[in-house]
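**Student:** One structure is given below, represented as structure tokens, and several questions about it will come after.
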Amino acid sequence: MINLRTLVFIFAVATMTAWLGCRNPFAPRLDDTVSADAALGDQRSVDGVFQNFRYAYRYKDTLTYGRLLAPDFIFIYRNYDRGIDLSWGRDEDMITTSGLFQAAQNIDLVWNDIAYSTGDSLTLDVSRGFTMTVAFDTADVLRVQGRANFRLARAAPSDAWMILRWRDESNY
């Protein structure tokens, strides 16, 4: 015969099993709050390019980031120690950016006003300030301010803009 204590224990175990059966305790719930940054932009507009760039960095999304870069993309930066400009192509940039996304716990990128924009409906040079905070952990937070100069290109006015060249002019 089952005593009351055993019956309560069996009921508690059955209830917990049923409740946990629909949840994975090792996988946290997805955040269902939607922020204004959570949507991808239309890359046929310059604003959409920068919105997608920010989205890719904020959510560490290499797929979205890769869609921004033209096949012949070039990244240019200043090596202040050596006093020269260095560059790399799309493949190396994707590897480097993926490494950053994996290493960082949090990335916040804020685009400032466009300083200048010149070009036509197929090629556009855009210079824009930015502020970026990269938190690798609570004790290791990197803050960078600077300017980025982009050359955007597309084959037809109805196509999406892609980043052909990015010259980083931050002091980091």
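Chain labels A, B, ... are given in the sequence in which chains occur in the structure tokens; within each chain residues are numbered consecutively from 1, and ligands are likewise numbered from 1 in the order shown.
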Neighbours of region 72-81 of chain A within 12 Å (only C-alpha atoms; same-chain residues fewer than 6 positions away dropped), as an MDAnalysis selection string?
**Tutor:** chainID A and resid 66 87:94 96:97 146:153 162:172
**Student:** If you run DSSP on the backbone here, which positions in region 29-125 of chain A get helix (DSSP H, G or I)? Please write them as an NGL selection string.
**Tutor:** :A and (36-38 or 46-58 or 62-68 or 90-103)
**Student:** Go through A:Asp120, A:Asp137, A:Asp125, A:Asp61 one by one, measure the shortest atom-to-atom distance of each to Asn106 (chain A) using only C-alpha atoms, and give the residue with the smallest value.
**Tutor:**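 Using only C-alpha atoms, the shortest distance to Asn106 (chain A) belongs to A:Asp137.
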**Student:** I'd like the contact shell of Thr64 (chain A) - 9 Å cut-off, only C-alpha atoms, skipping same-chain residues fewer than 4 positions apart - returned as a ChimeraX atom specification.
**Tutor:** /A:40,52-53,55-56,60,68
**Student:** How many Å lie between CA of Gly48 (chain A) and CA of Asp159 (chain A), rounded to one decimal?
**Tutor:**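 Rounded to one decimal, the two atoms are 12.4 Å apart.
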